[in-house]
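Colleague: My structure is stored as coords_22.txt, with compact mmCIF, C-alpha atoms.
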```
# COMPACT_ATOMS: atom_id res chain seq x y z
CA MET A 1 62.54 15.34 117.31
CA ALA A 2 61.84 13.88 120.75
CA ARG A 3 62.53 10.31 119.65
CA PRO A 4 65.57 8.70 121.29
CA LEU A 5 67.50 8.06 118.05
CA THR A 6 66.93 11.47 116.44
CA ASN A 7 70.48 12.72 117.04
CA TYR A 8 71.95 9.43 115.85
CA TYR A 9 70.06 9.40 112.56
CA LEU A 10 70.52 13.12 111.95
CA LEU A 11 74.26 12.66 112.19
CA LEU A 12 74.40 9.51 110.05
CA GLY A 13 72.09 10.92 107.38
CA SER A 14 73.79 14.31 107.15
CA VAL A 15 77.31 12.87 107.01
CA ALA A 16 76.31 10.27 104.39
CA LEU A 17 74.68 12.93 102.19
CA LEU A 18 77.64 15.30 102.49
CA LEU A 19 80.07 12.50 101.60
CA THR A 20 77.95 11.57 98.57
CA ILE A 21 77.69 15.18 97.41
CA GLY A 22 81.42 15.59 98.01
CA LEU A 23 82.33 12.61 95.85
CA LEU A 24 80.05 13.80 93.04
CA MET A 25 81.51 17.30 93.16
CA VAL A 26 85.12 16.08 93.36
CA LEU A 27 84.45 13.91 90.29
CA SER A 28 82.91 16.82 88.40
CA SER A 29 85.26 19.61 89.48
CA SER A 30 88.50 17.60 89.08
CA SER A 31 87.78 15.77 85.82
CA VAL A 32 89.35 18.37 83.52
CA GLU A 33 92.49 18.84 85.62
CA ALA A 34 92.83 15.08 86.15
CA TYR A 35 92.66 14.41 82.41
CA GLU A 36 95.16 17.15 81.69
CA LYS A 37 97.66 15.96 84.33
CA TYR A 38 97.16 12.19 84.35
CA GLY A 39 95.29 11.36 81.16
CA ASP A 40 92.44 9.95 83.26
CA SER A 41 89.40 12.04 84.19
CA TYR A 42 88.77 9.80 87.20
CA ALA A 43 92.29 9.89 88.66
CA ILE A 44 91.57 12.41 91.43
CA VAL A 45 88.16 11.06 92.43
CA LYS A 46 89.67 7.56 92.65
CA ARG A 47 92.05 8.87 95.30
CA GLN A 48 89.15 10.49 97.13
CA LEU A 49 87.26 7.18 97.01
CA LEU A 50 90.32 5.53 98.56
CA TRP A 51 90.33 8.09 101.39
CA VAL A 52 86.60 7.51 101.94
CA ALA A 53 87.18 3.74 101.95
CA ILE A 54 89.81 4.25 104.68
CA GLY A 55 87.93 6.95 106.60
CA VAL A 56 84.51 5.29 106.91
CA PRO A 57 85.85 2.19 108.75
CA LEU A 58 87.93 4.48 110.98
CA ALA A 59 84.80 6.48 111.75
CA PHE A 60 82.95 3.25 112.53
CA VAL A 61 85.70 2.18 114.95
CA ALA A 62 85.66 5.66 116.54
CA SER A 63 81.90 5.37 117.06
CA ARG A 64 82.31 2.05 118.86
CA VAL A 65 85.30 2.66 121.14
CA SER A 66 84.71 3.86 124.68
CA HIS A 67 85.39 7.55 125.21
CA LYS A 68 87.40 6.53 128.27
CA TRP A 69 89.82 4.82 125.89
CA VAL A 70 89.88 7.96 123.74
CA ARG A 71 90.74 10.04 126.81
CA HIS A 72 93.69 7.76 127.57
CA LEU A 73 95.14 8.78 124.19
CA ALA A 74 94.61 12.52 124.68
CA TYR A 75 98.14 13.49 125.75
CA ALA A 76 99.80 11.10 123.30
CA ALA A 77 97.73 12.46 120.39
CA PHE A 78 98.46 16.05 121.37
CA SER A 79 102.20 15.33 121.68
CA VAL A 80 102.35 13.61 118.27
CA SER A 81 100.48 16.55 116.73
CA LEU A 82 102.98 19.02 118.17
CA ILE A 83 105.87 16.94 116.82
CA LEU A 84 104.27 16.88 113.37
CA LEU A 85 103.65 20.64 113.50
CA ILE A 86 107.27 21.28 114.50
CA ALA A 87 108.45 19.02 111.68
CA THR A 88 106.20 20.87 109.24
CA ALA A 89 107.52 24.27 110.39
CA ARG A 90 111.10 23.02 109.95
CA PHE A 91 110.94 20.65 106.97
CA GLY A 92 107.53 21.39 105.43
CA VAL A 93 106.75 21.77 101.75
CA GLU A 94 105.65 25.25 100.69
CA VAL A 95 102.48 25.47 98.60
CA TYR A 96 101.06 28.86 97.50
CA GLY A 97 103.16 30.69 100.07
CA ASN A 98 102.12 28.48 103.01
CA LYS A 99 104.47 25.88 104.49
CA ASN A 100 101.74 23.55 105.75
CA TRP A 101 102.51 20.22 104.05
CA LEU A 102 104.84 17.56 105.44
CA ALA A 103 106.31 14.95 103.10
CA LEU A 104 106.36 11.45 104.59
CA GLY A 105 107.85 9.32 101.84
CA PRO A 106 105.50 9.33 98.84
CA VAL A 107 102.66 10.87 100.86
CA GLN A 108 102.19 14.51 101.86
CA ILE A 109 100.04 15.28 104.89
CA GLN A 110 98.73 18.43 106.54
CA ALA A 111 99.70 18.02 110.18
CA SER A 112 97.45 20.92 111.16
CA GLU A 113 94.34 18.94 110.09
CA ILE A 114 95.31 16.09 112.43
CA ALA A 115 96.11 18.61 115.17
CA LYS A 116 92.60 20.08 115.10
CA LEU A 117 91.06 16.83 116.35
CA SER A 118 93.83 15.97 118.82
CA ILE A 119 93.72 19.46 120.35
CA ILE A 120 89.97 19.20 120.90
CA ILE A 121 90.26 15.78 122.53
CA TRP A 122 93.17 16.95 124.70
CA ALA A 123 91.39 20.14 125.83
CA ALA A 124 88.12 18.27 126.46
CA HIS A 125 89.96 15.68 128.56
CA ILE A 126 91.63 18.36 130.70
CA TYR A 127 88.44 20.36 131.18
CA ALA A 128 86.54 17.19 132.07
CA ASN A 129 89.10 16.45 134.80
CA LYS A 130 88.76 20.02 136.08
CA ASP A 131 84.98 20.22 135.65
CA ARG A 132 84.28 21.20 139.26
CA ARG A 133 87.18 23.66 139.42
CA LEU A 134 86.41 25.68 136.31
CA GLY A 135 85.13 28.61 138.34
CA SER A 136 88.77 29.66 138.62
CA LEU A 137 90.29 31.56 135.68
CA HIS A 138 93.63 29.87 136.31
CA GLN A 139 92.06 26.43 135.95
CA MET A 140 90.41 27.50 132.68
CA MET A 141 93.65 28.83 131.26
CA VAL A 142 96.32 26.32 132.29
CA PRO A 143 97.44 24.25 130.45
CA VAL A 144 94.85 24.45 127.66
CA VAL A 145 95.43 28.02 126.51
CA PRO A 146 99.26 27.82 126.43
CA GLY A 147 99.05 24.45 124.64
CA MET A 148 96.63 25.74 122.01
CA LEU A 149 98.65 28.93 121.52
CA LEU A 150 101.79 26.84 121.04
CA ALA A 151 100.07 24.77 118.34
CA THR A 152 98.68 27.93 116.73
CA GLY A 153 102.11 29.55 116.83
CA LEU A 154 103.61 26.60 114.96
CA VAL A 155 100.91 26.97 112.30
CA VAL A 156 101.64 30.71 112.09
CA VAL A 157 105.33 29.91 111.52
CA GLY A 158 104.20 28.08 108.39
CA ARG A 159 102.28 31.23 107.38
CA ASP A 160 98.95 29.36 107.22
CA LEU A 161 96.54 32.13 108.22
CA GLY A 162 93.37 30.12 107.51
CA THR A 163 94.26 27.21 109.78
CA ALA A 164 95.48 29.61 112.47
CA LEU A 165 92.04 31.25 112.46
CA VAL A 166 90.37 27.85 112.86
CA PHE A 167 92.66 27.09 115.81
CA PHE A 168 91.74 30.43 117.39
CA ALA A 169 88.05 29.68 116.83
CA ILE A 170 88.43 26.34 118.61
CA LEU A 171 90.24 28.02 121.51
CA VAL A 172 87.61 30.76 121.88
CA GLY A 173 84.79 28.20 121.59
CA MET A 174 86.27 25.96 124.28
CA LEU A 175 86.78 28.93 126.60
CA TRP A 176 83.18 30.00 126.02
CA VAL A 177 81.73 26.59 126.85
CA VAL A 178 83.67 26.42 130.14
CA GLY A 179 82.33 29.84 131.14
CA ALA A 180 85.30 32.15 130.64
CA PRO A 181 84.69 35.85 131.46
CA ALA A 182 83.91 38.38 128.72
CA ARG A 183 87.21 40.25 129.14
CA LEU A 184 89.06 37.12 128.06
CA PHE A 185 87.20 37.07 124.74
CA VAL A 186 88.08 40.72 124.17
CA LEU A 187 91.72 39.78 124.72
CA CYS A 188 91.45 36.80 122.36
CA LEU A 189 89.87 38.89 119.61
CA SER A 190 92.59 41.51 120.04
CA VAL A 191 95.28 38.85 119.70
CA ILE A 192 93.59 37.40 116.62
CA SER A 193 93.42 40.83 114.99
CA VAL A 194 97.07 41.62 115.72
CA VAL A 195 98.28 38.22 114.48
CA ALA A 196 96.14 38.42 111.33
CA LEU A 197 97.42 41.89 110.52
CA GLY A 198 100.97 40.81 111.25
CA LEU A 199 100.71 37.81 108.93
CA ALA A 200 99.19 40.00 106.23
CA ALA A 201 101.92 42.62 106.57
CA THR A 202 104.71 40.05 106.22
CA SER A 203 103.43 38.61 102.94
CA ALA A 204 102.85 40.78 99.88
CA GLU A 205 100.68 38.10 98.24
CA ARG A 206 98.54 37.66 101.36
CA LEU A 207 98.20 41.43 101.81
CA GLU A 208 96.98 41.76 98.22
CA ARG A 209 94.43 39.00 98.79
CA ILE A 210 93.11 40.65 101.92
CA THR A 211 92.91 44.12 100.38
CA THR A 212 91.18 42.94 97.18
CA PHE A 213 88.68 40.41 98.53
CA VAL A 214 85.93 43.04 98.84
CA ASP A 215 86.26 43.80 95.12
CA PRO A 216 88.02 40.91 93.34
CA PHE A 217 87.60 42.64 89.97
CA LYS A 218 89.90 45.42 91.16
CA ASP A 219 92.86 43.14 90.44
CA TYR A 220 91.10 40.73 88.11
CA HIS A 221 94.21 39.28 86.46
CA GLY A 222 96.13 39.06 89.73
CA THR A 223 94.97 38.17 93.24
CA GLY A 224 91.32 38.74 92.26
CA TRP A 225 91.34 36.00 89.62
CA GLN A 226 90.29 33.12 91.88
CA PRO A 227 87.55 34.89 93.91
CA ALA A 228 86.24 36.61 90.75
CA HIS A 229 85.81 33.31 88.94
CA GLY A 230 84.29 31.84 92.09
CA LEU A 231 81.66 34.58 91.91
CA TYR A 232 81.16 33.90 88.19
CA ALA A 233 80.48 30.25 89.03
CA MET A 234 78.05 31.07 91.83
CA SER A 235 76.15 33.67 89.82
CA SER A 236 75.77 31.48 86.73
CA GLY A 237 74.26 28.63 88.75
CA GLY A 238 70.93 30.36 89.36
CA ILE A 239 68.30 28.57 91.42
CA PHE A 240 68.71 25.00 90.19
CA GLY A 241 72.17 25.11 88.63
CA GLN A 242 73.56 24.14 85.23
CA GLY A 243 73.50 20.42 86.07
CA ILE A 244 76.15 18.05 87.38
CA GLY A 245 79.19 18.14 85.12
CA ALA A 246 78.12 21.33 83.33
CA SER A 247 80.45 23.77 85.11
CA GLN A 248 82.38 26.08 82.79
CA GLN A 249 84.71 27.53 85.42
CA LYS A 250 86.37 24.16 86.10
CA TRP A 251 87.86 24.27 82.57
CA GLY A 252 90.95 26.08 83.80
CA SER A 253 89.49 29.41 84.90
CA LEU A 254 88.97 28.53 88.58
CA PRO A 255 92.10 27.48 90.52
CA GLU A 256 91.67 24.81 93.23
CA ALA A 257 88.22 23.93 91.88
CA HIS A 258 88.16 20.53 93.62
CA THR A 259 89.67 21.70 96.93
CA ASP A 260 89.23 25.17 98.41
CA PHE A 261 86.74 26.40 95.79
CA ILE A 262 84.63 23.29 95.36
CA PHE A 263 81.67 25.19 96.82
CA ALA A 264 81.79 27.51 93.80
CA VAL A 265 81.54 24.59 91.37
CA LEU A 266 78.75 23.16 93.51
CA GLY A 267 76.88 26.47 93.23
CA GLU A 268 77.37 26.56 89.47
CA GLU A 269 76.18 23.00 88.90
CA LEU A 270 73.54 22.59 91.61
CA GLY A 271 72.53 26.24 92.04
CA LEU A 272 71.13 27.92 95.12
CA VAL A 273 69.22 24.75 96.03
CA GLY A 274 72.44 22.70 96.16
CA THR A 275 74.40 25.24 98.17
CA LEU A 276 71.58 25.68 100.68
CA LEU A 277 71.29 21.91 101.01
CA VAL A 278 74.98 21.63 101.92
CA VAL A 279 74.75 24.45 104.45
CA LEU A 280 71.60 22.91 105.98
CA LEU A 281 73.33 19.54 106.29
CA PHE A 282 76.17 21.17 108.24
CA LEU A 283 73.62 22.92 110.42
CA ALA A 284 71.86 19.58 111.00
CA ILE A 285 75.17 18.07 112.18
CA ALA A 286 75.72 21.07 114.46
CA TYR A 287 72.15 20.88 115.82
CA ALA A 288 72.39 17.16 116.63
CA THR A 289 75.84 17.55 118.20
CA LEU A 290 74.79 20.51 120.34
CA ARG A 291 71.77 18.51 121.54
CA ILE A 292 74.16 15.78 122.64
CA ALA A 293 76.42 18.30 124.37
CA ARG A 294 73.47 19.94 126.13
CA GLU A 295 71.82 16.74 127.35
CA THR A 296 74.83 14.68 128.40
CA LYS A 297 75.98 14.39 131.99
CA ASP A 298 79.51 13.46 130.96
CA PRO A 299 81.71 16.59 130.86
CA PHE A 300 84.14 15.07 128.35
CA VAL A 301 81.32 14.37 125.91
CA ARG A 302 80.03 17.92 126.36
CA TYR A 303 83.37 19.64 125.78
CA CYS A 304 84.50 17.34 122.97
CA SER A 305 81.18 17.64 121.10
CA PHE A 306 81.19 21.41 121.37
CA GLY A 307 84.79 21.63 120.17
CA ILE A 308 84.03 19.50 117.12
CA VAL A 309 81.02 21.70 116.27
CA ILE A 310 83.14 24.85 116.47
CA TRP A 311 85.79 23.28 114.27
CA LEU A 312 83.51 21.99 111.50
CA LEU A 313 80.96 24.79 111.49
CA GLY A 314 83.66 27.46 111.71
CA GLN A 315 85.62 25.92 108.86
CA MET A 316 82.48 25.64 106.73
CA MET A 317 81.63 29.30 107.35
CA ILE A 318 85.17 30.42 106.48
CA ASN A 319 85.17 28.38 103.26
CA VAL A 320 81.74 29.61 102.14
CA GLY A 321 82.62 33.20 103.07
CA MET A 322 85.83 32.87 101.05
CA VAL A 323 83.95 31.66 97.95
CA LEU A 324 81.34 34.40 98.29
CA ALA A 325 84.11 37.05 98.61
CA LEU A 326 82.95 37.88 102.12
CA LEU A 327 86.35 36.78 103.47
CA PRO A 328 89.85 36.78 101.97
CA VAL A 329 91.08 33.66 100.14
CA ILE A 330 92.97 31.90 102.91
CA GLY A 331 93.01 28.29 101.74
CA ILE A 332 90.47 26.45 103.91
CA PRO A 333 88.78 23.29 102.54
CA LEU A 334 85.08 22.52 102.92
CA PRO A 335 84.83 19.60 105.39
CA LEU A 336 83.58 16.28 103.93
CA VAL A 337 83.19 17.86 100.48
CA SER A 338 86.61 19.14 99.34
CA TYR A 339 89.22 16.75 98.02
CA GLY A 340 91.99 15.62 100.35
CA GLY A 341 92.67 12.82 102.78
CA SER A 342 94.44 15.00 105.37
CA SER A 343 91.19 16.87 105.92
CA LEU A 344 88.73 14.02 105.33
CA LEU A 345 90.16 11.39 107.68
CA PRO A 346 90.30 13.50 110.89
CA THR A 347 86.85 14.89 110.08
CA LEU A 348 85.33 11.43 109.68
CA ILE A 349 87.00 10.21 112.89
CA ALA A 350 85.68 13.26 114.77
CA LEU A 351 82.16 12.66 113.48
CA GLY A 352 82.52 8.97 114.33
CA LEU A 353 83.21 10.00 117.93
CA VAL A 354 80.09 12.18 117.92
CA VAL A 355 78.00 9.33 116.48
CA GLY A 356 79.34 7.17 119.30
CA PHE A 357 78.26 9.80 121.83
CA ALA A 358 74.77 9.76 120.23
CA ARG A 359 74.59 5.95 120.42
CA ARG A 360 75.45 6.00 124.12
CA GLU A 361 72.77 8.47 125.14
CA PRO A 362 70.66 6.51 127.67
CA ALA A 363 67.43 6.58 125.64
CA ALA A 364 69.25 5.84 122.38
CA ALA A 365 71.20 2.96 123.94
CA ARG A 366 67.95 1.42 125.21
CA ALA A 367 66.27 1.82 121.82
CA LEU A 368 69.19 0.21 120.00
CA ALA A 369 69.34 -2.64 122.53
CA GLN A 370 65.61 -3.24 122.15
CA ARG A 371 65.99 -3.29 118.37
CA ARG A 372 68.80 -5.87 118.60
CA ARG A 373 66.67 -8.05 120.87
CA ALA A 374 63.71 -7.81 118.50
CA ARG A 375 65.93 -8.71 115.56
CA ALA A 376 67.40 -11.68 117.44
CA THR A 377 63.90 -12.84 118.42
CA GLY A 378 62.75 -12.58 114.80
CA LEU A 379 65.69 -14.65 113.57
CA SER A 380 65.02 -17.31 116.22
CA ALA A 381 61.37 -17.49 115.24
CA ARG A 382 62.26 -18.04 111.55
CA ARG A 383 64.46 -20.96 112.51
```
As structure tokens - that is how I would like this structure written.

Modeller:
Amino acid sequence: MARPLTNYYLLLGSVALLLTIGLLMVLSSSSVEAYEKYGDSYAIVKRQLLWVAIGVPLAFVASRVSHKWVRHLAYAAFSVSLILLIATARFGVEVYGNKNWLALGPVQIQASEIAKLSIIIWAAHIYANKDRRLGSLHQMMVPVVPGMLLATGLVVVGRDLGTALVFFAILVGMLWVVGAPARLFVLCLSVISVVALGLAATSAERLERITTFVDPFKDYHGTGWQPAHGLYAMSSGGIFGQGIGASQQKWGSLPEAHTDFIFAVLGEELGLVGTLLVVLLFLAIAYATLRIARETKDPFVRYCSFGIVIWLLGQMMINVGMVLALLPVIGIPLPLVSYGGSSLLPTLIALGLVVGFARREPAAARALAQRRRARATGLSARR
């Protein structure tokens, strides 16, 4: 673990494995629905492969660009995200009671997924500029907290409770890393509770989901249908699972099997071993990223890395908790594993940035430079 390239390889290996597992599970979990809708069992996974083919080069570019260049785009990215969120709140397409999709010609995007990354970069840029003034509560709060609350408010307008909770988690995490006082966290948690209750009270469907998540079988044929069949899938997987492709719940019983509830199909087909592997891979990403954040001397790298960890780890925990009926069903995908380009592309770009931070650690940069010199010397000797 003390080797200079440990963080770099932990990130690359974990992301590659999660992408591979994700493609396998999207293929398996979507095959029945894809055949029913399109007459081709591979229709949905082909789209996911296209998103991966676009996202991996973007992640590579993100890992190579200077973070100073990224910081120059912080305000522009945040502004574009706000415009997209406003457009979604005004003209968005409603899906399952949430208006969180924006139609741009033949393509529908989730602006909130793009906003997660841009908000982190924007907040990290501001906090890096204020690094020596963060002892003041005013400097911690302005303009990051109003900006994040504005973005969260636009998501709340679209009634997307799950994404709003992720935004709040990012806000609380960023405030924690800059050393905000404890009373501020009490205030944040109070606001989260009030907003969550308010959103639940204004939607009969959402209220039913929240009140039945503890016992999905209480309303088995109603709001408990999806979490109940998620539990069926998890419980039938056992230790080693039924085998890839052997899921029974994907045959129409489990809604959103290839998106929000892909973890349930994973548990059914790969068992406890598969689910623990996925969780451990996310923890490996978090561990490597936190090592980078702890060891760097660049404040932007520290704040940006920590924000990305909060985003991805928090979203993973919400998704897994949702599938295990520990949390209400609030429509949060599993990063890198669930189907969808709106989620996959920003996630890959964010991880590309973190890989770039790992490559530029002084010891890692020297090790990579030495390896390039050795390779060049070997090629010259062969000639």

Colleague: If I put a ball of radius 9 Å at (83.8, 8.5, 107.0) in the file's coordinates, which residues poke into it when counting only C-alpha atoms, written as a list in words?

Modeller: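 So the residues meeting the distance criterion are Val15, Ala16, Leu19, Trp51, Val52, Ala53, Ile54, Gly55, Val56, Pro57, Leu58, Ala59, Phe60, Leu336, Leu344, Leu345, Thr347, Leu348, Ile349, Leu351 and Gly352 of chain A.
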
Colleague: Could you write out the selected residues, including C-alpha atoms, as a short mmCIF file (atom, residue, chain, number, x, y, z; two decimals), keeping the file's coordinate frame?

Modeller:
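Output file again_30.cif follows:
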```cif
data_model
loop_
_atom_site.label_atom_id
_atom_site.label_comp_id
_atom_site.auth_asym_id
_atom_site.auth_seq_id
_atom_site.Cartn_x
_atom_site.Cartn_y
_atom_site.Cartn_z
CA VAL A 15 77.31 12.87 107.01
CA ALA A 16 76.31 10.27 104.39
CA LEU A 19 80.07 12.50 101.60
CA TRP A 51 90.33 8.09 101.39
CA VAL A 52 86.60 7.51 101.94
CA ALA A 53 87.18 3.74 101.95
CA ILE A 54 89.81 4.25 104.68
CA GLY A 55 87.93 6.95 106.60
CA VAL A 56 84.51 5.29 106.91
CA PRO A 57 85.85 2.19 108.75
CA LEU A 58 87.93 4.48 110.98
CA ALA A 59 84.80 6.48 111.75
CA PHE A 60 82.95 3.25 112.53
CA LEU A 336 83.58 16.28 103.93
CA LEU A 344 88.73 14.02 105.33
CA LEU A 345 90.16 11.39 107.68
CA THR A 347 86.85 14.89 110.08
CA LEU A 348 85.33 11.43 109.68
CA ILE A 349 87.00 10.21 112.89
CA LEU A 351 82.16 12.66 113.48
CA GLY A 352 82.52 8.97 114.33
#
```

Colleague: Would you please work out which residue, of A:Leu82, A:Met25, A:Ala2, A:Leu134, is nearest to Leu150 in chain A when using all atoms listed in the file?

Modeller: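 For Leu150 in chain A, the nearest of the candidates is A:Leu82.
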
Colleague: Quick one: distance from CA of Glu269 in chain A to CA of Ser41 in chain A in Å, one decimal?

Modeller: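 Pair CA of Glu269 in chain A / CA of Ser41 in chain A returns 17.8 Å.
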
Colleague: CA of Phe261 in chain A and CA of Gly224 in chain A, how far apart in Å?

Modeller: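 CA of Phe261 in chain A lies at a distance of 13.6 Å from CA of Gly224 in chain A.
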
Colleague: Go through A:Gly341, A:Gly314, A:Gly356, A:Gly179 and flag the residue nearest Ile292 in chain A, using all atoms listed in the file for the distances.

Modeller: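 Looking at the shortest contact to Ile292 in chain A, the residue is A:Gly356.
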
Colleague: Using only C-alpha atoms for the distances, tell me which of A:Phe282, A:Tyr232, A:Tyr339, A:Phe306 is nearest to Asp260 in chain A.

Modeller: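 Closest to Asp260 in chain A of all the choices is A:Tyr339.
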
Colleague: Please report the interatomic distance between CA of Val278 in chain A and CA of Leu49 in chain A in Å with one decimal.

Modeller: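 CA of Val278 in chain A sits 19.6 Å away from CA of Leu49 in chain A.
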
Colleague: Using all atoms listed in the file, pick whichever of A:Ala358, A:Met317, A:Ala115, A:Ala124 has the shortest atom-to-atom distance to Leu283 in chain A.

Modeller: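 Ranking A:Ala358, A:Met317, A:Ala115, A:Ala124 by distance to Leu283 in chain A, first place goes to A:Met317.
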
Colleague: Using all atoms listed in the file, which protein or nucleic acid residues come within 9 Å of His258 in chain A? Drop anything in the same chain fewer than 2 positions from it, and give the result as a PyMOL selection string.

Modeller: chain A and resi 25-30+250+255-256+260-263+265+337-339

Colleague: Using all atoms listed in the file and a cutoff of 10 Å, can you tell me which residues are near (93.5, 9.2, 117.0) in the file's coordinates, and write them out as a PDB file with C-alpha atoms, in the coordinates of the input?

Modeller:
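Contents of result_30.pdb, as written:
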```pdb
ATOM      1  CA  LEU A  58      87.930   4.480 110.980  1.00  0.00           C
ATOM      2  CA  ALA A  62      85.660   5.660 116.540  1.00  0.00           C
ATOM      3  CA  VAL A  70      89.880   7.960 123.740  1.00  0.00           C
ATOM      4  CA  LEU A  73      95.140   8.780 124.190  1.00  0.00           C
ATOM      5  CA  ALA A  74      94.610  12.520 124.680  1.00  0.00           C
ATOM      6  CA  ALA A  76      99.800  11.100 123.300  1.00  0.00           C
ATOM      7  CA  ALA A  77      97.730  12.460 120.390  1.00  0.00           C
ATOM      8  CA  PHE A  78      98.460  16.050 121.370  1.00  0.00           C
ATOM      9  CA  VAL A  80     102.350  13.610 118.270  1.00  0.00           C
ATOM     10  CA  ILE A 114      95.310  16.090 112.430  1.00  0.00           C
ATOM     11  CA  ALA A 115      96.110  18.610 115.170  1.00  0.00           C
ATOM     12  CA  LEU A 117      91.060  16.830 116.350  1.00  0.00           C
ATOM     13  CA  SER A 118      93.830  15.970 118.820  1.00  0.00           C
ATOM     14  CA  ILE A 121      90.260  15.780 122.530  1.00  0.00           C
ATOM     15  CA  PRO A 346      90.300  13.500 110.890  1.00  0.00           C
ATOM     16  CA  ILE A 349      87.000  10.210 112.890  1.00  0.00           C
ATOM     17  CA  ALA A 350      85.680  13.260 114.770  1.00  0.00           C
TER      18      ALA A 350
END
```

Colleague: A:Gly158, A:Gly230, A:Pro216, A:Pro143: which is nearest Ala111 in chain A, counting all atoms listed in the file?

Modeller: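 Looking at the shortest contact to Ala111 in chain A, the residue is A:Gly158.
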
Colleague: How close does each residue of range 156-275 of chain A get to range 83-88 of chain A, giving the shortest atom pair and distance in Å to one decimal for every residue with an atom at most 12 Å away, counting all atoms listed in the file, sorted by chain and residue number, as CSV?

Modeller:
```
residue,atom,partner,partner_atom,distance
A:Val156,CA,A:Leu85,CA,10.4
A:Val157,CA,A:Ile86,CA,9.3
A:Gly158,CA,A:Thr88,CA,7.5
A:Arg159,CA,A:Thr88,CA,11.2
A:Asp160,CA,A:Thr88,CA,11.3
```

Colleague: Within 7 Å of range 324-334 of chain A, counting all atoms listed in the file, which residues show up once you throw out same-chain ones fewer than 4 positions away? Write them as a PyMOL selection string, please.

Modeller: chain A and resi 161-162+209-210+213-214+227+231+259-260+315-316+319-320+338

Colleague: Would you mind exporting C-alpha atoms of the selected residues as an mmCIF file, keeping the file's coordinate frame?

Modeller:
```cif
data_model
loop_
_atom_site.group_PDB
_atom_site.id
_atom_site.type_symbol
_atom_site.label_atom_id
_atom_site.label_comp_id
_atom_site.auth_asym_id
_atom_site.auth_seq_id
_atom_site.Cartn_x
_atom_site.Cartn_y
_atom_site.Cartn_z
ATOM 1 C CA LEU A 161 96.540 32.130 108.220
ATOM 2 C CA GLY A 162 93.370 30.120 107.510
ATOM 3 C CA ARG A 209 94.430 39.000 98.790
ATOM 4 C CA ILE A 210 93.110 40.650 101.920
ATOM 5 C CA PHE A 213 88.680 40.410 98.530
ATOM 6 C CA VAL A 214 85.930 43.040 98.840
ATOM 7 C CA PRO A 227 87.550 34.890 93.910
ATOM 8 C CA LEU A 231 81.660 34.580 91.910
ATOM 9 C CA THR A 259 89.670 21.700 96.930
ATOM 10 C CA ASP A 260 89.230 25.170 98.410
ATOM 11 C CA GLN A 315 85.620 25.920 108.860
ATOM 12 C CA MET A 316 82.480 25.640 106.730
ATOM 13 C CA ASN A 319 85.170 28.380 103.260
ATOM 14 C CA VAL A 320 81.740 29.610 102.140
ATOM 15 C CA SER A 338 86.610 19.140 99.340
#
```
